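The data block below is upload.txt; it holds compact mmCIF, C-alpha atoms.
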```txt
# COMPACT_ATOMS: atom_id res chain seq x y z
CA MET A 1 10.46 -12.16 -7.43
CA LYS A 2 10.53 -8.57 -6.22
CA LEU A 3 7.23 -7.91 -4.45
CA ALA A 4 5.99 -4.61 -3.01
CA ILE A 5 2.77 -4.41 -0.96
CA LEU A 6 1.29 -0.92 -0.79
CA ASP A 7 -1.48 0.50 1.33
CA ARG A 8 -4.15 2.29 -0.73
CA ASP A 9 -5.71 5.23 1.11
CA GLY A 10 -3.14 7.87 1.97
CA THR A 11 -0.36 6.10 0.05
CA LEU A 12 -1.75 5.79 -3.49
CA ASN A 13 -4.73 8.10 -3.17
CA GLU A 14 -5.70 11.08 -1.05
CA LEU A 15 -7.66 10.27 2.09
CA GLY A 16 -10.60 12.48 1.19
CA ASP A 17 -13.39 13.27 3.63
CA GLY A 18 -13.99 9.85 5.15
CA PHE A 19 -14.41 6.73 3.05
CA ILE A 20 -13.71 6.55 -0.68
CA THR A 21 -17.17 5.55 -1.88
CA SER A 22 -17.15 6.61 -5.54
CA PRO A 23 -14.69 6.83 -8.43
CA ASP A 24 -14.82 10.63 -8.21
CA ALA A 25 -13.59 10.45 -4.61
CA TRP A 26 -10.52 8.41 -5.65
CA VAL A 27 -7.81 11.03 -6.32
CA PRO A 28 -4.18 9.90 -6.58
CA VAL A 29 -1.53 11.36 -4.30
CA PRO A 30 0.67 13.55 -6.55
CA GLY A 31 3.50 11.44 -7.96
CA ALA A 32 2.26 8.14 -6.46
CA LEU A 33 1.18 6.51 -9.70
CA GLU A 34 4.40 7.53 -11.42
CA ALA A 35 6.29 5.94 -8.52
CA VAL A 36 4.41 2.66 -9.01
CA ALA A 37 5.30 2.74 -12.71
CA ARG A 38 8.97 3.26 -11.83
CA LEU A 39 8.88 0.28 -9.49
CA ASN A 40 7.21 -1.83 -12.20
CA HIS A 41 9.81 -0.84 -14.77
CA ALA A 42 12.54 -1.93 -12.33
CA GLY A 43 10.95 -5.39 -12.11
CA TRP A 44 8.77 -5.00 -9.00
CA HIS A 45 5.36 -6.65 -8.75
CA VAL A 46 3.08 -4.26 -6.88
CA VAL A 47 0.08 -5.42 -4.86
CA VAL A 48 -2.33 -3.41 -2.70
CA ALA A 49 -3.47 -4.49 0.78
CA THR A 50 -6.11 -2.29 2.36
CA ASN A 51 -8.88 -2.15 4.94
CA LEU A 52 -12.23 -1.25 3.35
CA PRO A 53 -14.70 -1.08 6.25
CA GLY A 54 -17.06 0.99 4.08
CA LEU A 55 -18.10 -2.31 2.47
CA GLY A 56 -19.01 -3.83 5.83
CA ARG A 57 -20.85 -0.68 6.82
CA GLY A 58 -22.84 -0.64 3.59
CA LEU A 59 -21.37 2.69 2.40
CA LEU A 60 -20.43 1.16 -0.95
CA ASP A 61 -21.03 -2.12 -2.74
CA ALA A 62 -18.69 -4.49 -4.56
CA GLN A 63 -19.58 -3.09 -8.00
CA THR A 64 -18.69 0.44 -6.91
CA LEU A 65 -15.38 -0.85 -5.54
CA VAL A 66 -14.64 -2.50 -8.89
CA THR A 67 -15.36 0.83 -10.62
CA ILE A 68 -13.05 2.71 -8.21
CA HIS A 69 -10.23 0.24 -8.80
CA ALA A 70 -10.83 0.29 -12.58
CA LYS A 71 -10.16 4.04 -12.46
CA MET A 72 -6.93 3.41 -10.53
CA HIS A 73 -5.83 0.73 -13.03
CA ARG A 74 -6.61 2.96 -16.05
CA GLN A 75 -4.63 5.88 -14.63
CA LEU A 76 -1.69 3.60 -13.85
CA ALA A 77 -1.79 2.01 -17.31
CA ALA A 78 -1.66 5.46 -18.91
CA LEU A 79 1.67 5.94 -17.11
CA GLY A 80 3.00 2.50 -17.99
CA GLY A 81 2.35 1.07 -14.52
CA ARG A 82 0.22 -1.65 -13.02
CA ILE A 83 -1.05 -3.10 -9.77
CA ASP A 84 -1.05 -6.89 -10.00
CA ALA A 85 -3.79 -7.45 -7.42
CA VAL A 86 -5.82 -5.72 -4.72
CA PHE A 87 -6.35 -7.61 -1.46
CA TYR A 88 -8.80 -6.04 0.95
CA CYS A 89 -10.58 -6.59 4.23
CA PRO A 90 -14.30 -5.86 3.71
CA HIS A 91 -15.21 -6.02 7.39
CA ALA A 92 -16.47 -3.12 9.50
CA GLU A 93 -14.37 -2.26 12.55
CA THR A 94 -16.81 -4.08 14.86
CA GLU A 95 -16.69 -7.38 12.93
CA PRO A 96 -14.16 -9.94 14.15
CA CYS A 97 -11.73 -11.13 11.47
CA THR A 98 -8.06 -11.92 10.90
CA CYS A 99 -7.69 -9.81 7.77
CA ARG A 100 -8.34 -6.33 9.17
CA GLN A 101 -4.99 -4.62 9.57
CA PRO A 102 -3.12 -4.51 11.97
CA ALA A 103 -3.92 -8.26 11.98
CA PRO A 104 -1.56 -9.99 9.52
CA GLY A 105 -4.17 -11.95 7.54
CA LEU A 106 -3.99 -9.95 4.29
CA MET A 107 -0.19 -9.88 4.34
CA GLU A 108 -0.08 -13.64 4.90
CA GLN A 109 -2.50 -14.21 2.01
CA ILE A 110 -0.30 -12.16 -0.31
CA ARG A 111 2.90 -13.87 0.86
CA ASP A 112 1.34 -17.29 0.32
CA ARG A 113 -0.22 -16.42 -3.04
CA TYR A 114 3.07 -15.14 -4.44
CA GLY A 115 5.30 -17.68 -2.68
CA VAL A 116 7.71 -15.02 -1.43
CA GLU A 117 9.44 -15.15 1.95
CA GLY A 118 8.43 -12.31 4.26
CA ARG A 119 11.96 -10.91 4.43
CA ASP A 120 11.90 -10.49 0.64
CA ILE A 121 8.72 -8.38 0.64
CA LEU A 122 8.78 -4.58 0.59
CA VAL A 123 5.78 -3.17 2.49
CA VAL A 124 4.93 0.52 2.06
CA GLY A 125 2.22 2.56 3.71
CA SER A 126 1.23 5.75 5.44
CA SER A 127 -0.72 4.06 8.24
CA LEU A 128 0.68 2.42 11.33
CA ALA A 129 -1.78 -0.50 11.06
CA HIS A 130 -0.51 -1.41 7.57
CA LEU A 131 3.10 -1.68 8.74
CA GLN A 132 2.17 -3.44 11.99
CA ALA A 133 0.39 -6.09 9.89
CA ALA A 134 3.61 -6.72 7.97
CA ALA A 135 6.03 -6.61 10.89
CA ASP A 136 5.37 -10.22 11.93
CA LEU A 137 6.27 -11.38 8.42
CA GLY A 138 9.75 -9.94 8.81
CA ALA A 139 9.09 -7.74 5.77
CA GLN A 140 11.08 -4.65 4.84
CA LEU A 141 8.98 -1.80 6.24
CA HIS A 142 8.76 1.63 4.63
CA MET A 143 6.53 4.49 5.78
CA VAL A 144 5.62 7.40 3.51
CA CYS A 145 4.82 10.80 5.03
CA THR A 146 1.53 11.21 3.18
CA GLY A 147 -2.04 10.51 4.25
CA ARG A 148 -2.19 9.55 7.93
CA SER A 149 1.55 10.19 8.29
CA ALA A 150 1.67 13.59 6.59
CA HIS A 151 2.49 15.18 9.96
CA LEU A 152 5.70 13.14 10.34
CA ASN A 153 9.14 14.22 9.15
CA PRO A 154 11.12 11.52 7.31
CA ARG A 155 14.39 12.90 8.70
CA GLU A 156 13.29 12.48 12.33
CA SER A 157 12.89 9.35 14.44
CA LEU A 158 9.48 7.72 14.22
CA PRO A 159 7.26 7.52 17.30
CA PRO A 160 7.84 4.35 19.36
CA ALA A 161 4.61 2.67 18.21
CA TRP A 162 6.06 2.18 14.72
CA PRO A 163 7.69 -1.22 14.18
CA ALA A 164 11.45 -1.32 14.65
CA GLY A 165 13.42 -0.92 11.45
CA THR A 166 10.75 1.09 9.61
CA ARG A 167 12.35 3.49 7.14
CA ALA A 168 10.64 6.81 6.48
CA HIS A 169 10.31 8.56 3.11
CA ALA A 170 8.67 11.88 2.22
CA SER A 171 6.43 10.24 -0.39
CA LEU A 172 5.98 7.19 -2.59
CA GLY A 173 8.09 9.04 -5.17
CA ALA A 174 10.90 9.43 -2.62
CA LEU A 175 10.66 5.71 -1.86
CA ALA A 176 10.94 4.95 -5.59
CA ASP A 177 14.03 7.20 -5.73
CA PHE A 178 15.50 5.16 -2.85
CA ILE A 179 14.66 1.78 -4.40
CA VAL A 180 15.21 2.67 -8.06
CA PRO A 181 17.84 5.40 -8.44
CA GLN A 182 17.52 7.44 -11.62
CA GLY A 183 18.84 5.39 -14.49
CA GLY A 184 19.32 2.34 -12.28
CA ALA A 185 17.74 -1.08 -12.29
CA GLY A 186 17.00 -0.90 -8.58
CA LEU A 187 18.38 -2.25 -5.39
CA PRO A 188 18.46 -5.96 -4.67
CA VAL A 189 15.46 -7.27 -2.76
CA ALA A 190 17.14 -7.19 0.67
CA LEU A 191 17.51 -3.53 1.62
```
Target format structure tokens, applied to this file:
Amino acid sequence: MKLAILDRDGTLNELGDGFITSPDAWVPVPGALEAVARLNHAGWHVVVATNLPGLGRGLLDAQTLVTIHAKMHRQLAALGGRIDAVFYCPHAETEPCTCRQPAPGLMEQIRDRYGVEGRDILVVGSSLAHLQAAADLGAQLHMVCTGRSAHLNPRESLPPAWPAGTRAHASLGALADFIVPQGGAGLPVAL
């Protein structure tokens, strides 16, 4: 199974002004949803792993989160794409847990649920914490220069805090071009 784990905020959708607390605040990064559809069409299962401390802080409730993700799923479906599942940490930053990234809990849950070895998982995100959470799994790490990483240049070396072996891409679309060349079925799982 080809499995890609994406961060949400800054990778799939614009960061906005703080927390995404309503469907109107969820705005896709240009080209991101099309990139997910390309990955799907090349046989990739796509899952989201994200920190959602707004739940723990009481800034949104579970029903609002369902409505936000329903909007994301509808927009993806209109492009022929899909997200198989959304895993999230609902805890505020001050609450102790093992699922808040950079802790590996969410990544481990996804690995175990799908029965895929860490080295066979593609992890993509614009935040350092997302990729740090996946580094211990031995996953293939890919950073996109959107969201929290918009200031980085994909052609330059990453700052030392980034996990070793992280590959940089200008956007999720550029990652899809790397993984699924135009007209191609995609690269094998091990990149």
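The two atoms in question, CA of Arg38 in chain A and CA of Asp120 in chain A, are spaced 18.8 Å apart.
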So, with only C-alpha atoms as the atoms that count, which of A:Met107, A:Pro53, A:Ser126, A:Leu131 lies closest to Ala170 in chain A? A:Ser126
Just want the 7 Å neighbourhood of range 4-17 of chain A, counted on all atoms listed in the file, with same-chain residues fewer than 3 positions away dropped. Output as a PyMOL selection string. chain A and resi 20+25-29+32-33+44-50+121-126+130+146-148+172
Test item: residues at most 9 Å from Gly165 in chain A, only C-alpha atoms, excluding those fewer than 3 positions along its chain, as a list in words: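 So the residues in contact are Gln140, Leu141, His142 and Trp162 of chain A.
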Contacts of Arg100 in chain A within 9 Å, all atoms listed in the file, excl. fewer than 2 positions in-chain, as a list in words: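 With the cut-off at 9 Å, the set is Thr50, Asn51, Leu52, Pro53, Tyr88, Cys89, Pro90, His91, Ala92, Glu93, Pro96, Cys97, Thr98, Pro102, Ala103, Pro104, Gly105, Leu106, Ala129 and Ala133 of chain A.
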What is the distance, in Å and to one decimal place, between CA of Arg111 in chain A and CA of Leu128 in chain A?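 Computing it gives 19.5 Å between the two atoms.
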Counting all atoms listed in the file, the option among A:Met72, A:Leu3, A:His151, A:Asn40 closest to Ser22 in chain A: A:Met72
Show me the residues around (11.9, 7.0, 0.9) - criterion: an atom at most 9 Å away, all atoms listed in the file counted - as a PyMOL selection string. chain A and resi 142-144+154+167-179
Show me as a ChimeraX atom specification the residues that reach within 10 Å of (3.0, -14.9, -4.9), counting only C-alpha atoms and using the file's own coordinates. /A:1-3,45,47,109-117
Which residue gives the smallest distance to Ala37 in chain A among A:Asp61, A:Asp136, A:Asp24, A:Asp84, with only C-alpha atoms counted?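 The closest residue to Ala37 in chain A is A:Asp84.
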How far is it from CA of Ala150 in chain A to CA of Pro30 in chain A, in Å with one decimal?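 Distance reported for this atom pair: 13.2 Å.
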Using all atoms of range 88-97 of chain A listed in the file and a margin of 4 Å per side, can you give the axis-aligned box centre and edge lengths in Å to one decimal, as AutoDock Vina command-line options?
```
--center_x -12.8 --center_y -6.7 --center_z 7.9 --size_x 16.0 --size_y 16.9 --size_z 21.9
```
